[in-house]
>>> print(open('entry-v7.pdb').read())   # PDB, C-alpha atoms
MODEL        1
ATOM      1  CA  MET A   1       0.000   0.000   0.000
ATOM      2  CA  LYS A   2       1.245   3.450  -0.899
ATOM      3  CA  GLU A   3       0.480   6.605   1.021
ATOM      4  CA  TYR A   4       0.138   9.996  -0.615
ATOM      5  CA  LYS A   5      -0.044  13.360   1.033
ATOM      6  CA  LEU A   6      -2.104  16.130  -0.533
ATOM      7  CA  VAL A   7      -2.271  19.668   0.765
ATOM      8  CA  PHE A   8      -5.164  22.093   0.411
ATOM      9  CA  THR A   9      -4.256  25.723   0.768
ATOM     10  CA  GLY A  10      -5.706  29.053  -0.288
ATOM     11  CA  THR A  11      -7.563  32.064   0.962
ATOM     12  CA  THR A  12      -9.477  32.227   4.197
ATOM     13  CA  GLY A  13     -13.051  31.187   3.543
ATOM     14  CA  ALA A  14     -12.218  29.466   0.245
ATOM     15  CA  GLY A  15     -13.306  26.149   1.737
ATOM     16  CA  LYS A  16     -10.209  24.137   2.619
ATOM     17  CA  THR A  17     -11.806  22.668   5.741
ATOM     18  CA  THR A  18     -15.080  22.106   3.865
ATOM     19  CA  ALA A  19     -13.301  20.337   0.988
ATOM     20  CA  ILE A  20     -11.555  17.916   3.336
ATOM     21  CA  ASN A  21     -14.777  17.312   5.250
ATOM     22  CA  ALA A  22     -16.613  16.654   1.998
ATOM     23  CA  ILE A  23     -14.494  13.656   1.037
ATOM     24  CA  SER A  24     -12.719  12.364   4.133
ATOM     25  CA  GLU A  25     -13.558   8.782   5.046
ATOM     26  CA  VAL A  26     -12.455   9.326   8.632
ATOM     27  CA  PRO A  27     -13.811  12.036  10.938
ATOM     28  CA  ALA A  28     -11.816  15.100   9.888
ATOM     29  CA  VAL A  29      -9.490  16.723  12.396
ATOM     30  CA  LYS A  30     -10.056  20.457  12.580
ATOM     31  CA  THR A  31      -8.223  23.170  14.470
ATOM     32  CA  ASP A  32     -10.789  25.908  14.046
ATOM     33  CA  VAL A  33     -10.961  28.656  16.631
ATOM     34  CA  ALA A  34     -13.088  31.768  17.057
ATOM     35  CA  ASN A  35     -12.145  34.429  14.514
ATOM     36  CA  THR A  36     -11.346  37.819  16.066
ATOM     37  CA  ASP A  37     -10.331  39.505  12.797
ATOM     38  CA  SER A  38     -13.135  41.920  11.942
ATOM     39  CA  THR A  39     -11.963  42.125   8.313
ATOM     40  CA  LEU A  40     -13.049  38.521   7.799
ATOM     41  CA  ASN A  41     -16.697  37.658   7.627
ATOM     42  CA  LYS A  42     -16.521  34.281   9.336
ATOM     43  CA  GLU A  43     -17.102  32.912  12.795
ATOM     44  CA  PHE A  44     -14.285  30.364  12.902
ATOM     45  CA  THR A  45     -10.891  30.081  11.285
ATOM     46  CA  THR A  46      -8.271  27.347  10.970
ATOM     47  CA  VAL A  47      -5.049  28.105  12.839
ATOM     48  CA  GLY A  48      -3.257  24.760  12.862
ATOM     49  CA  LEU A  49      -4.212  22.203  10.274
ATOM     50  CA  ASP A  50      -7.072  20.139   8.922
ATOM     51  CA  PHE A  51      -6.671  16.435   8.392
ATOM     52  CA  GLY A  52      -8.683  13.825   6.574
ATOM     53  CA  GLN A  53      -8.093  10.602   4.710
ATOM     54  CA  ILE A  54      -9.433   8.703   1.715
ATOM     55  CA  ASN A  55      -8.668   5.221   0.464
ATOM     56  CA  LEU A  56      -8.243   4.571  -3.235
ATOM     57  CA  ALA A  57      -9.733   1.543  -5.020
ATOM     58  CA  ASN A  58      -6.267  -0.055  -5.312
ATOM     59  CA  GLY A  59      -5.789   0.129  -1.532
ATOM     60  CA  ASP A  60      -3.526   3.164  -1.579
ATOM     61  CA  ARG A  61      -4.245   5.840   0.979
ATOM     62  CA  VAL A  62      -4.394   9.609   0.465
ATOM     63  CA  ARG A  63      -3.859  11.781   3.509
ATOM     64  CA  LEU A  64      -5.412  15.203   3.134
ATOM     65  CA  PHE A  65      -3.985  18.205   4.938
ATOM     66  CA  GLY A  66      -5.408  21.722   5.023
ATOM     67  CA  THR A  67      -3.334  24.764   5.889
ATOM     68  CA  PRO A  68      -4.451  27.928   7.633
ATOM     69  CA  GLY A  69      -5.228  30.569   4.989
ATOM     70  CA  GLN A  70      -3.707  33.691   6.469
ATOM     71  CA  SER A  71      -0.084  34.396   5.595
ATOM     72  CA  ARG A  72       0.793  34.974   9.262
ATOM     73  CA  PHE A  73       0.597  31.184   9.459
ATOM     74  CA  ASP A  74       3.024  30.660   6.571
ATOM     75  CA  PHE A  75       5.320  28.625   8.843
ATOM     76  CA  MET A  76       2.566  25.972   8.811
ATOM     77  CA  TRP A  77       2.523  26.077   5.000
ATOM     78  CA  LYS A  78       6.147  24.929   4.966
ATOM     79  CA  ILE A  79       5.610  22.264   7.606
ATOM     80  CA  LEU A  80       2.542  20.793   5.938
ATOM     81  CA  THR A  81       3.845  20.717   2.358
ATOM     82  CA  LYS A  82       6.982  18.777   3.259
ATOM     83  CA  ASP A  83       6.960  15.599   1.132
ATOM     84  CA  ALA A  84       3.537  16.423  -0.302
ATOM     85  CA  PHE A  85       2.553  14.676  -3.498
ATOM     86  CA  GLY A  86       0.445  17.600  -4.635
ATOM     87  CA  LEU A  87      -0.929  20.990  -3.785
ATOM     88  CA  ILE A  88      -4.457  22.304  -4.322
ATOM     89  CA  ILE A  89      -4.841  26.082  -4.125
ATOM     90  CA  LEU A  90      -8.401  27.241  -3.469
ATOM     91  CA  ILE A  91      -9.345  30.795  -4.336
ATOM     92  CA  ASP A  92     -12.562  32.537  -3.297
ATOM     93  CA  ASN A  93     -13.758  34.626  -6.260
ATOM     94  CA  SER A  94     -16.053  36.687  -4.032
ATOM     95  CA  ARG A  95     -13.075  38.313  -2.330
ATOM     96  CA  PRO A  96     -11.993  41.774  -3.492
ATOM     97  CA  GLU A  97      -8.820  40.737  -5.346
ATOM     98  CA  PRO A  98      -8.740  37.036  -6.224
ATOM     99  CA  LEU A  99      -5.757  37.401  -8.574
ATOM    100  CA  ALA A 100      -3.745  39.118  -5.860
ATOM    101  CA  ASP A 101      -4.770  36.285  -3.510
ATOM    102  CA  LEU A 102      -3.452  33.767  -6.030
ATOM    103  CA  ALA A 103      -0.162  35.653  -6.211
ATOM    104  CA  VAL A 104       0.232  35.346  -2.428
ATOM    105  CA  TYR A 105       0.080  31.549  -2.613
ATOM    106  CA  LEU A 106       2.241  31.289  -5.725
ATOM    107  CA  GLU A 107       4.872  33.250  -3.852
ATOM    108  CA  GLY A 108       4.344  31.478  -0.536
ATOM    109  CA  PHE A 109       4.723  28.059  -2.163
ATOM    110  CA  ALA A 110       7.251  29.086  -4.829
ATOM    111  CA  GLN A 111       9.797  26.544  -3.706
ATOM    112  CA  GLU A 112       7.295  23.668  -3.554
ATOM    113  CA  LEU A 113       5.756  24.564  -6.928
ATOM    114  CA  ARG A 114       9.058  23.886  -8.655
ATOM    115  CA  ASN A 115       8.549  20.149  -8.278
ATOM    116  CA  THR A 116       5.073  19.568  -6.821
ATOM    117  CA  PRO A 117       1.990  19.165  -9.035
ATOM    118  CA  CYS A 118      -0.595  21.844  -8.367
ATOM    119  CA  VAL A 119      -4.195  22.576  -9.325
ATOM    120  CA  ILE A 120      -6.130  25.805  -8.790
ATOM    121  CA  GLY A 121      -9.788  25.591  -7.734
ATOM    122  CA  VAL A 122     -11.824  28.788  -7.920
ATOM    123  CA  GLY A 123     -14.963  29.004  -5.825
ATOM    124  CA  ARG A 124     -18.120  31.134  -6.047
ATOM    125  CA  THR A 125     -17.633  31.742  -9.778
ATOM    126  CA  GLU A 126     -21.352  31.487 -10.472
ATOM    127  CA  GLU A 127     -22.159  34.603  -8.478
ATOM    128  CA  HIS A 128     -18.821  36.320  -9.112
ATOM    129  CA  HIS A 129     -17.867  36.089 -12.787
ATOM    130  CA  THR A 130     -14.688  38.159 -12.681
ATOM    131  CA  PRO A 131     -11.878  37.455 -12.791
ATOM    132  CA  SER A 132     -12.624  34.683 -15.289
ATOM    133  CA  LEU A 133     -10.801  31.357 -15.370
ATOM    134  CA  ASP A 134      -8.902  32.704 -18.400
ATOM    135  CA  ASP A 135      -7.778  35.661 -16.291
ATOM    136  CA  PHE A 136      -6.394  33.189 -13.733
ATOM    137  CA  SER A 137      -4.576  31.247 -16.465
ATOM    138  CA  THR A 138      -3.110  34.473 -17.855
ATOM    139  CA  ALA A 139      -1.974  35.512 -14.367
ATOM    140  CA  LEU A 140      -0.362  32.102 -13.895
ATOM    141  CA  GLU A 141       1.385  32.273 -17.273
ATOM    142  CA  SER A 142       2.738  35.727 -16.479
ATOM    143  CA  LYS A 143       4.477  34.159 -13.490
ATOM    144  CA  GLY A 144       5.753  31.217 -15.512
ATOM    145  CA  PHE A 145       3.197  28.608 -14.418
ATOM    146  CA  THR A 146       0.972  26.407 -16.550
ATOM    147  CA  LEU A 147      -1.492  24.900 -14.105
ATOM    148  CA  PRO A 148      -5.063  23.616 -14.420
ATOM    149  CA  VAL A 149      -7.692  26.094 -13.197
ATOM    150  CA  ILE A 150     -11.249  24.890 -12.643
ATOM    151  CA  PRO A 151     -14.401  26.234 -10.967
ATOM    152  CA  VAL A 152     -15.304  24.309  -7.824
ATOM    153  CA  ASP A 153     -17.985  24.066  -5.205
ATOM    154  CA  VAL A 154     -16.025  22.449  -2.398
ATOM    155  CA  ARG A 155     -19.222  21.390  -0.643
ATOM    156  CA  LEU A 156     -19.674  18.835  -3.423
ATOM    157  CA  PRO A 157     -17.527  15.708  -3.069
ATOM    158  CA  LYS A 158     -17.488  15.231  -6.864
ATOM    159  CA  ASP A 159     -15.864  18.652  -7.321
ATOM    160  CA  VAL A 160     -13.194  17.938  -4.716
ATOM    161  CA  ILE A 161     -12.512  14.507  -6.225
ATOM    162  CA  LEU A 162     -12.156  16.169  -9.629
ATOM    163  CA  LEU A 163      -9.423  18.429  -8.196
ATOM    164  CA  ILE A 164      -7.581  15.381  -6.901
ATOM    165  CA  GLU A 165      -7.977  13.512 -10.194
ATOM    166  CA  LEU A 166      -6.546  16.488 -12.064
ATOM    167  CA  LEU A 167      -3.637  16.556  -9.664
ATOM    168  CA  MET A 168      -2.998  12.843 -10.220
ATOM    169  CA  ALA A 169      -3.182  13.322 -13.987
ATOM    170  CA  GLN A 170      -0.754  16.205 -13.772
ATOM    171  CA  ALA A 171       1.656  14.144 -11.674
ATOM    172  CA  GLU A 172       1.462  11.327 -14.211
ATOM    173  CA  ALA A 173       2.136  13.749 -17.077
ATOM    174  CA  ASP A 174       5.117  15.185 -15.177
ATOM    175  CA  MET A 175       6.518  11.680 -14.646
ATOM    176  CA  GLN A 176       6.112  10.817 -18.345
ATOM    177  CA  GLU A 177       7.811  14.065 -19.330
ATOM    178  CA  GLU A 178      10.653  13.331 -16.937
ATOM    179  CA  PHE A 179      10.977   9.796 -18.324
ATOM    180  CA  LEU A 180      11.039  10.996 -21.937
ATOM    181  CA  SER A 181      13.650  13.629 -21.188
ATOM    182  CA  GLN A 182      16.063  11.019 -19.800
TER     183      GLN A 182
ATOM    184  CA  MET B   1     -10.372  41.846  19.226
ATOM    185  CA  ASN B   2     -12.119  44.402  21.409
ATOM    186  CA  ILE B   3     -10.589  44.511  24.876
ATOM    187  CA  ASP B   4     -10.801  47.422  27.261
ATOM    188  CA  VAL B   5      -7.675  49.614  27.110
ATOM    189  CA  GLY B   6      -7.238  49.379  30.875
ATOM    190  CA  ILE B   7      -7.181  45.586  30.756
ATOM    191  CA  LEU B   8      -4.722  45.711  27.853
ATOM    192  CA  ALA B   9      -2.462  48.058  29.818
ATOM    193  CA  ASN B  10      -2.555  45.644  32.769
ATOM    194  CA  ALA B  11      -1.734  42.768  30.441
ATOM    195  CA  ARG B  12       1.258  44.631  28.963
ATOM    196  CA  ASN B  13       2.438  45.488  32.442
ATOM    197  CA  GLU B  14       2.227  41.844  33.545
ATOM    198  CA  CYS B  15       4.193  40.762  30.461
ATOM    199  CA  ARG B  16       6.860  43.376  31.184
ATOM    200  CA  LYS B  17       7.129  42.363  34.839
ATOM    201  CA  LEU B  18       7.610  38.688  34.018
ATOM    202  CA  LEU B  19      10.218  39.571  31.396
ATOM    203  CA  THR B  20      12.241  41.794  33.689
ATOM    204  CA  GLU B  21      11.813  40.025  37.022
ATOM    205  CA  GLN B  22      12.398  36.392  36.065
ATOM    206  CA  VAL B  23      15.835  35.174  35.110
ATOM    207  CA  GLY B  24      16.119  33.755  31.593
ATOM    208  CA  VAL B  25      12.802  34.996  30.230
ATOM    209  CA  LEU B  26      13.251  36.233  26.665
ATOM    210  CA  GLY B  27       9.698  37.083  25.784
ATOM    211  CA  VAL B  28       6.146  37.093  27.070
ATOM    212  CA  VAL B  29       3.280  37.319  24.596
ATOM    213  CA  ILE B  30      -0.443  37.189  25.184
ATOM    214  CA  SER B  31      -2.141  36.158  21.952
ATOM    215  CA  SER B  32      -5.699  35.744  20.735
ATOM    216  CA  VAL B  33      -6.874  32.217  19.908
ATOM    217  CA  ASP B  34      -6.598  33.035  16.210
ATOM    218  CA  GLY B  35      -3.010  34.155  16.433
ATOM    219  CA  PHE B  36      -2.898  37.905  16.982
ATOM    220  CA  ASP B  37      -0.527  39.608  19.403
ATOM    221  CA  VAL B  38      -2.680  41.209  22.123
ATOM    222  CA  ALA B  39      -0.016  42.290  24.646
ATOM    223  CA  SER B  40       3.682  41.557  24.818
ATOM    224  CA  ALA B  41       7.100  42.313  26.200
ATOM    225  CA  VAL B  42      10.036  40.782  24.395
ATOM    226  CA  THR B  43      13.752  41.107  23.968
ATOM    227  CA  ARG B  44      14.634  42.616  20.631
ATOM    228  CA  ASP B  45      15.292  39.301  18.856
ATOM    229  CA  LEU B  46      11.724  38.079  19.135
ATOM    230  CA  GLU B  47       8.750  39.075  17.002
ATOM    231  CA  PRO B  48       5.495  39.039  19.008
ATOM    232  CA  ALA B  49       3.337  38.737  15.868
ATOM    233  CA  LYS B  50       5.142  35.591  14.791
ATOM    234  CA  ILE B  51       5.098  34.085  18.292
ATOM    235  CA  ALA B  52       1.363  34.789  18.551
ATOM    236  CA  ALA B  53       0.610  32.977  15.286
ATOM    237  CA  MET B  54       2.809  30.001  16.153
ATOM    238  CA  ALA B  55       1.365  29.728  19.656
ATOM    239  CA  SER B  56      -2.119  29.726  18.215
ATOM    240  CA  SER B  57      -1.272  26.782  15.925
ATOM    241  CA  ILE B  58       0.478  24.853  18.700
ATOM    242  CA  ALA B  59      -2.382  25.455  21.142
ATOM    243  CA  ALA B  60      -4.991  24.397  18.567
ATOM    244  CA  ILE B  61      -3.094  21.212  17.790
ATOM    245  CA  GLY B  62      -2.814  20.584  21.556
ATOM    246  CA  ILE B  63      -6.588  20.838  21.831
ATOM    247  CA  VAL B  64      -7.240  18.247  19.105
ATOM    248  CA  VAL B  65      -4.584  15.909  20.512
ATOM    249  CA  SER B  66      -6.165  16.035  23.975
ATOM    250  CA  GLN B  67      -9.617  15.495  22.450
ATOM    251  CA  GLU B  68      -8.370  12.537  20.396
ATOM    252  CA  ALA B  69      -6.835  10.993  23.512
ATOM    253  CA  SER B  70      -9.952  11.765  25.592
ATOM    254  CA  LEU B  71      -7.856  13.625  28.134
ATOM    255  CA  GLY B  72     -10.222  16.541  28.648
ATOM    256  CA  ALA B  73      -9.532  20.178  27.940
ATOM    257  CA  SER B  74      -5.983  21.201  27.062
ATOM    258  CA  LYS B  75      -4.594  23.528  29.734
ATOM    259  CA  SER B  76      -0.993  24.158  28.780
ATOM    260  CA  ILE B  77       1.781  23.077  26.437
ATOM    261  CA  THR B  78       5.504  23.053  27.094
ATOM    262  CA  VAL B  79       8.068  22.840  24.325
ATOM    263  CA  ASN B  80      11.355  21.791  25.882
ATOM    264  CA  THR B  81      14.404  22.581  23.806
ATOM    265  CA  GLU B  82      18.171  22.178  24.125
ATOM    266  CA  ASP B  83      18.570  25.785  25.187
ATOM    267  CA  GLY B  84      15.360  26.581  27.002
ATOM    268  CA  PHE B  85      11.624  26.178  26.730
ATOM    269  CA  VAL B  86       8.370  27.702  25.561
ATOM    270  CA  TYR B  87       5.439  27.532  27.940
ATOM    271  CA  ILE B  88       1.922  28.197  26.606
ATOM    272  CA  THR B  89      -1.127  28.311  28.843
ATOM    273  CA  ASN B  90      -4.735  29.440  28.459
ATOM    274  CA  ILE B  91      -5.707  32.780  29.896
ATOM    275  CA  GLU B  92      -8.881  34.838  29.758
ATOM    276  CA  LEU B  93      -8.824  38.554  29.071
ATOM    277  CA  ALA B  94     -12.164  40.274  29.572
ATOM    278  CA  GLY B  95     -13.879  36.928  29.127
ATOM    279  CA  GLN B  96     -12.081  36.197  25.850
ATOM    280  CA  LEU B  97      -9.901  33.126  25.595
ATOM    281  CA  CYS B  98      -6.258  33.919  24.858
ATOM    282  CA  ALA B  99      -2.889  32.237  25.315
ATOM    283  CA  LEU B 100      -0.036  33.358  27.537
ATOM    284  CA  ASN B 101       3.298  32.438  25.945
ATOM    285  CA  VAL B 102       6.580  32.543  27.796
ATOM    286  CA  ILE B 103       9.847  31.998  25.929
ATOM    287  CA  ALA B 104      12.840  31.379  28.159
ATOM    288  CA  ASN B 105      16.422  30.202  27.941
ATOM    289  CA  SER B 106      17.946  27.444  30.051
ATOM    290  CA  SER B 107      18.694  29.732  32.981
ATOM    291  CA  ALA B 108      14.956  30.023  33.680
ATOM    292  CA  ILE B 109      13.254  27.477  35.919
ATOM    293  CA  LEU B 110      10.150  25.973  34.359
ATOM    294  CA  ALA B 111       8.318  25.407  37.652
ATOM    295  CA  GLN B 112       8.861  29.020  38.596
ATOM    296  CA  ILE B 113       7.543  30.225  35.237
ATOM    297  CA  ILE B 114       4.486  27.984  35.584
ATOM    298  CA  TYR B 115       3.861  29.438  39.043
ATOM    299  CA  HIS B 116       4.233  33.051  37.887
ATOM    300  CA  SER B 117       2.124  32.413  34.791
ATOM    301  CA  GLY B 118      -0.608  31.129  37.086
ATOM    302  CA  GLU B 119      -0.337  34.285  39.167
ATOM    303  CA  ILE B 120      -0.577  36.493  36.064
ATOM    304  CA  LYS B 121      -3.570  34.512  34.931
ATOM    305  CA  ARG B 122      -5.268  34.956  38.295
ATOM    306  CA  ARG B 123      -4.589  38.697  38.407
ATOM    307  CA  LEU B 124      -5.652  39.386  34.815
ATOM    308  CA  GLU B 125      -8.745  37.245  34.983
ATOM    309  CA  VAL B 126     -10.083  39.198  37.940
ATOM    310  CA  SER B 127      -9.121  42.599  36.556
TER     311      SER B 127
ENDMDL
END
>>> encode(input="entry-v7.pdb", output="structure tokens")
Amino acid sequence: MKEYKLVFTGTTGAGKTTAINAISEVPAVKTDVANTDSTLNKEFTTVGLDFGQINLANGDRVRLFGTPGQSRFDFMWKILTKDAFGLIILIDNSRPEPLADLAVYLEGFAQELRNTPCVIGVGRTEEHHTPSLDDFSTALESKGFTLPVIPVDVRLPKDVILLIELLMAQAEADMQEEFLSQ
Amino acid sequence: MNIDVGILANARNECRKLLTEQVGVLGVVISSVDGFDVASAVTRDLEPAKIAAMASSIAAIGIVVSQEASLGASKSITVNTEDGFVYITNIELAGQLCALNVIANSSAILAQIIYHSGEIKRRLEVS
């Protein structure tokens, strides 16, 4: 049996805890505490980590970790992404500057993104149409990244699974590319 | 976090007293549960904002560990290191749950810091 570690990160309120809860086959571990930041419209916020787990059909196990969103917790970003198989960045399109939010995580995980597959999931796109998914792709390209960007509703297990499948596909493509270049 | 200025002044004063009166203490930070620096007194090498965020993560992980092990509510966490220790304990300021963090080098005595932290807690919780 193989074990994989996937990390969900992204803006506060983008749904990292919700995504893990949506698919975890074990009761998810949460470290949510009362939010005292009046600039955030939420009652609780993650300050440590989220943890969940799913088992694949072949018996392999995927451990799911969620990071705190705020950059004051960036030390946890480093701890949690160590040896991660992949990274899922969730962006909340209802926030004032989603592209600037994306830039924060691209910078915060710059080192990991050099060799870790990554997928971007954008939430609340139905009510908030801009920036478009193309705008996200353009922003990624301008920073030298070519990463999948898809709309997601992290409350829906199928959407979260789709993110993970994309990540797996990307990892496979990276491995093939590496093999061919040898 | 809305806390009365008088209570905050008392909290800062308590942090300063512990820093200056106890041998080996390098920093004292009172932080909100979600990782903001509420009151602090530190030597110049320490950043209260960073300590507050880290303490919040450590405390939250302590809570889930104690829940998982069915050991009741988490009261304090001690990180023992080669050159000192970090002691984190719950404290209430104006009815709001916070954490008192004490960072000390090896010349400090843990039992003494635990005792004084308890005294600070008692004084601030009644103020």
>>> residues_around(input="entry-v7.pdb", residues="region 154-164 of chain A", least_positions_apart="3", cutoff="7 Å", atoms="all atoms listed in the file", output="PDB file with C-alpha atoms, keeping the file's coordinate frame")
ATOM      1  CA  GLY A  15     -13.306  26.149   1.737  1.00  0.00           C
ATOM      2  CA  THR A  18     -15.080  22.106   3.865  1.00  0.00           C
ATOM      3  CA  ALA A  19     -13.301  20.337   0.988  1.00  0.00           C
ATOM      4  CA  ALA A  22     -16.613  16.654   1.998  1.00  0.00           C
ATOM      5  CA  ILE A  23     -14.494  13.656   1.037  1.00  0.00           C
ATOM      6  CA  VAL A 119      -4.195  22.576  -9.325  1.00  0.00           C
ATOM      7  CA  LEU A 167      -3.637  16.556  -9.664  1.00  0.00           C
ATOM      8  CA  MET A 168      -2.998  12.843 -10.220  1.00  0.00           C
TER       9      MET A 168
END
>>> closest_residue(input="entry-v7.pdb", among="A:Met175, A:Leu56, A:Ile150, A:Cys118", to="Val7 (chain A)", atoms="all atoms listed in the file")
A:Cys118
>>> interface_residues(input="entry-v7.pdb", of="chain B", to="chain A", cutoff="7 Å", atoms="all atoms listed in the file", output="PyMOL selection string")
chain B and resi 1+33-34+53+56-58+60-61+64
>>> atom_distance(input="entry-v7.pdb", atom1="CA of Gln53 (chain A)", atom2="CA of Thr12 (chain A)")
21.7 Å
>>> residues_around(input="entry-v7.pdb", residues="Pro48 (chain B)", least_positions_apart="6", cutoff="12 Å", atoms="only C-alpha atoms", output="number ranges by chain")
A: 72; B: 15, 26-32, 35-42, 54-55, 100-103
>>> resolve_selection(input="entry-v7.pdb", expression="the PyMOL selection byres ((chain B and resi 76-85) around 10)", output="ChimeraX atom specification")
/B:24-26,55,58-59,62-63,73-75,86-91,99-110,114
>>> atom_distance(input="entry-v7.pdb", atom1="CA of Phe179 (chain A)", atom2="CA of Leu6 (chain A)")
23.0 Å
>>> residues_around(input="entry-v7.pdb", residues="Glu126 (chain A)", least_positions_apart="5", cutoff="12 Å", atoms="only C-alpha atoms", output="list in words")
Asp92, Asn93, Ser94, Pro131, Ser132, Leu133, Pro151, Val152 and Asp153 of chain A
>>> atom_distance(input="entry-v7.pdb", atom1="CA of Thr130 (chain A)", atom2="CA of Pro96 (chain A)")
10.2 Å
>>> resolve_selection(input="entry-v7.pdb", expression="the PyMOL selection byres ((chain A and resi 3) around 7)", output="number ranges by chain")
A: 1-2, 4-5, 60-62
>>> resolve_selection(input="entry-v7.pdb", expression="the PyMOL selection byres ((chain A and resi 27) around 9)", output="list in words")
Asn21, Ser24, Glu25, Val26, Ala28, Val29, Phe51, Gly52 and Gln53 of chain A
>>> residues_around(input="entry-v7.pdb", residues="Glu178 (chain A)", least_positions_apart="6", cutoff="12 Å", atoms="only C-alpha atoms", output="list in words")
Asn115, Ala171 and Glu172 of chain A
>>> write_last_selection(input="entry-v7.pdb", atoms="C-alpha atoms", output="PDB file, keeping the file's coordinate frame")
ATOM      1  CA  ASN A 115       8.549  20.149  -8.278  1.00  0.00           C
ATOM      2  CA  ALA A 171       1.656  14.144 -11.674  1.00  0.00           C
ATOM      3  CA  GLU A 172       1.462  11.327 -14.211  1.00  0.00           C
TER       4      GLU A 172
END
